[in-house]
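> Would you mind keeping the following structure in view while I ask a few things?
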Amino acid sequence: HVTNDANQRALSKEWQKSDIIARMQDEKSGIPIRTVKSFLTKIPSVFSGSEIVQWMIKNLDIEDQVEALHLGTLMAAHGYFFPISDHVLTLKDDGTFYRFQTPYFWPSNCWEPENTDYAVYLCKRTMQNKARLELADYEAESLARLQRAFARKWEFIFMQAEAQAKVDKKRDKIERKILDSQERAFWDVHRPVPGCVNTTEVDIKKSSRMKNPHKTRKVVGVLLPFLLRSRLITMKHRREQTGLLFLAVIVNRHRLKMSKVAESLLAYTEQYVEYDPFLTPPDPSNPWISDDTTLWELEASKEPGQQRVKRWAFGIDEVFKDPVGREQFLKFLESEFSSENLRFWLAVQELKKRPIREVPTRVQEIWQEFLAPGAPSAINVDSKSYAKTTQNVKDPGRYAFEDAQEHIYKLMKSDSYSRFIRSSAYQELLQAKKKVQNTKSFPSLFTPSCSDKYSTGGRADVVLLRYL
Amino acid sequence: MFYLDFLIVILCFKPFRCRSLPAQRKYMRSPLIPEMATQEVQLNETLAHLKTESETLKSKLEEERAKLHDVELHQVAEKVEGLGQFVMKTRRTLKGHGNKVLCMDWCKDKRRIVSSSQDGKVIVWDAFTTNKEHAVTMPCTWVMACAYAPSGCAVACGGLDNKCSVYPLSLDKNENLAAKKKSVAMHTNYLSACSFTNSDMQILTSSGDGTCALWDVESGQLLQSFHGHAADVLCLDLAPSETGNTFVSGGCDKKANVWDMRSGQCIQSFETHESDINSVRYYPSGDAFASGSDDATCRLYDLRADREVAIYSKESIIFGVSSVDFSLSGRLLFGGYNDYTINVWDVLKGTRVSILFGHENRVSTLRVSPDGTAFSTGSWDHTLRVCDDCYFFIGIKYNQNLCTFNFTPCAPDKPPLSLTATHLPKYSNLKKHIYRST
């Protein structure tokens, strides 16, 4: 047994991002963090962009720089590490310095800050005298907006900012540098530079559940009255019992072996490879690439191409799926004077597509035409299905003819269908000349067929290659 | 069901808040209490008993499934030739939405698309020409579901309004589509997905209220409801068979359930994902289906083996999958991810064959066109893209002196190409072919 399954489960992908960060920060195998001396100051606790890219290529299953940059930029945009001298959070493969974000500010903590918090922060920034900590244009604009919005409680906000600035001044210089940058990076994530993606935006389907944990509510025992509690427990009972019944039924269901299933999946893809435009270029051309809609025009025409006719031989469902296939099959059955089976099947399919209002009338019509004693297009159904159908017709629903339809389907599949495929009418269609190609399309060097492409002994000097 | 619970709690809870504690104690000292108390204990005991039985059956189920697990899909697929590297290219970009694109669907004519977005707009495009043909503004934001009718004459959409509405498309561009709107489905929470069955007259919906439902479009009547998910249902897909009556749904309870449309019963259930299932899609034969989840993996489940048969994941893929779809033969699985990329997987071998960048925000929706000639994606960056494979047939001549491969392109407008071996993708596969010709 492959243990890959178990490993995957253990990794618990929800925390995959924090896992990667933890590995990056590992003392032995992570990215080396160092203090860089620059002019009169020291830049503490940094690493370069190139180092991140190299670490990723070495330690994750990433093959090239483009992928590493993409993943790294996303991790920066989400706030797990950040460039120390830029509000815009991207990863560059050069000497730009980056720093890790403190776990307190990680997005996985799901803490959404308020505008008042942002106001306090911007206000505090204006209290710091260093020129390099000046507000950027968009920050100054935000501050002005917030001052207008919170005009009434601005004094309170100012006081908070003052208090925080006081605490900050008491900190060690190096520690302060690091914390300042981390706090700034936090706000770069939650209040991004205009034009940058706000990675804190959540899908409303998920956010509504985060706010309403009552979906997994527990019953608070003491405060609820007894009657209410017992009612909730009975509901839970019922749920458990339904669950149990379901499990009891499916435990013993018939299953196929993996080897059989795998062979079947392989066989299916093999059979349809030549019909898959991503694997075999369509003939004459793919409209999206050549801007030529001939392919669609051909398919809409009443005369089916050879490839399309070939497909009908794959199974009876292929005939039913293709309107031209249905037509041809019907024609063939008419020649054998057994078309009532197909007409019945088609009528029942049509019945299920009608609005519910029309169903009772249609059921009567179908009954009269195909099943009633003396019906003009009488079909042969086994006695059990006939009895059931007679009952169903009395209280007609969309599935009144389900049993009869299944019986007729099996009959056609095992009998008429195989004769149709062997018939001269079908064989003629199969041999029909291919349509004259449109001169605008790509001239192909050989007629594509899946065996040529996948066998080991094909025309070796011509190869299907995918390239820019 | 859930909301009924909550309502009862509120209704009974409020009066108690008003009373002081001693009054409550007085109630509990009533002579009926000892019997009630023992009853309650008994109920709790039987519930616990039921739960243990459930756990035993679940392990038995896993045992039965494991008995038939004699081989892995990728092992059997070793005999199939590899696909080589794919390069995908964007062929069309549809701009016009003013906010996040949330959902899209193809028309059966293989070129038209309907898309819906967060700002309430639903747009019908001729993707081939990139022209907008119709636009409707819904009365709610976050239109999370939209679908094209099989006839091409109507579209259905819904979202935060908890409803699914059908708009017939008129040929007259000036006609106000909103006037002809028909409300069909009513749920008690957001609509997460909707799909017409093979008829314009029935719609299947899934909702945040934990249920799926089948509706008659003309009357708005509920034909069948499907209960069984323990949390929001996020996605659904109808089986591709002409005769089948089943569909699969995925939800926030990490379960993918297969349902019988006629009886409303759940006939199969799979629970191997570690987080919400955002998208489910049937394999073209209808014997299997793929799912994409917030746990950053896509998985393939086979209905005949009744188990998960493949996982598509990579260490470096750490963002959730929002939507999945198969190519026509089922050999390729396309996944739209929350890391703005599209990953293309070899379904049989389990490896990734291509990664497509281009969107500037999450990919929220992805569908392959009805004839498989392209796939379309919608993103939170407000755009939709139609993408395709890049290929040409080429003749090769190996120049032994220069050690280069010279390519003669088949398209007359493309220039000839000369590359050294190191620049070729999958050189080893190419080499096999070259050696055989000499």
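Letters A, B, ... mark the chains of the structure tokens in the order given; residue numbers begin at 1 per chain; ligand numbers begin at 1, in order shown.
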What's the 8 Å shell around Ala262 (chain A), counting only C-alpha atoms, without same-chain residues fewer than 5 positions away, as a ChimeraX atom specification?

/B:72-73,76-77

> Would you pick out the contacts of region 40-51 of chain B at 9 Å or less, using only C-alpha atoms, so that residues sharing its chain but fewer than 6 positions from it are not included, and give the list as a ChimeraX atom specification?

/A:226,229-230,233-234,236-237,240-241,244

> Got a sec: who's within 8 Å of Lys182 (chain B), counting only C-alpha atoms, leaving out chain neighbours fewer than 2 positions off, as a compact mmCIF listing (two decimals) with N, CA, C and O atoms, in the first residue's frame?


# COMPACT_ATOMS: atom_id res chain seq x y z
N SER B 165 -33.03 32.78 -10.56
CA SER B 165 -33.97 33.38 -11.50
C SER B 165 -33.58 33.05 -12.92
O SER B 165 -32.41 32.96 -13.23
N VAL B 166 -34.59 32.90 -13.77
CA VAL B 166 -34.35 32.58 -15.18
C VAL B 166 -34.72 33.80 -16.03
O VAL B 166 -35.79 34.37 -15.88
N TYR B 167 -33.81 34.20 -16.91
CA TYR B 167 -34.06 35.31 -17.82
C TYR B 167 -34.08 34.77 -19.25
O TYR B 167 -33.07 34.26 -19.72
N LYS B 180 -38.65 40.38 -17.95
CA LYS B 180 -39.19 39.04 -18.17
C LYS B 180 -38.67 38.03 -17.16
O LYS B 180 -38.81 36.84 -17.32
N VAL B 184 -37.39 31.17 -9.86
CA VAL B 184 -37.69 29.74 -9.86
C VAL B 184 -37.41 29.11 -8.50
O VAL B 184 -38.28 28.52 -7.88

> Between A:Arg255, A:Arg184, A:Lys170, A:Lys384, single out the one closest to chain B, counting only C-alpha atoms.

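Nearest to chain B: A:Arg255.
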
> Just want the 6 Å neighbourhood of Gly251 (chain B), counted on only C-alpha atoms, with same-chain residues fewer than 5 positions away dropped. Output as a ChimeraX atom specification.

/B:232-234,276-277

> Quick one: residues within 8 Å of Tyr337 (chain B), only C-alpha atoms counted, chain neighbours fewer than 5 positions away excluded, as number ranges by chain?

B: 319-323, 342-343, 362-364
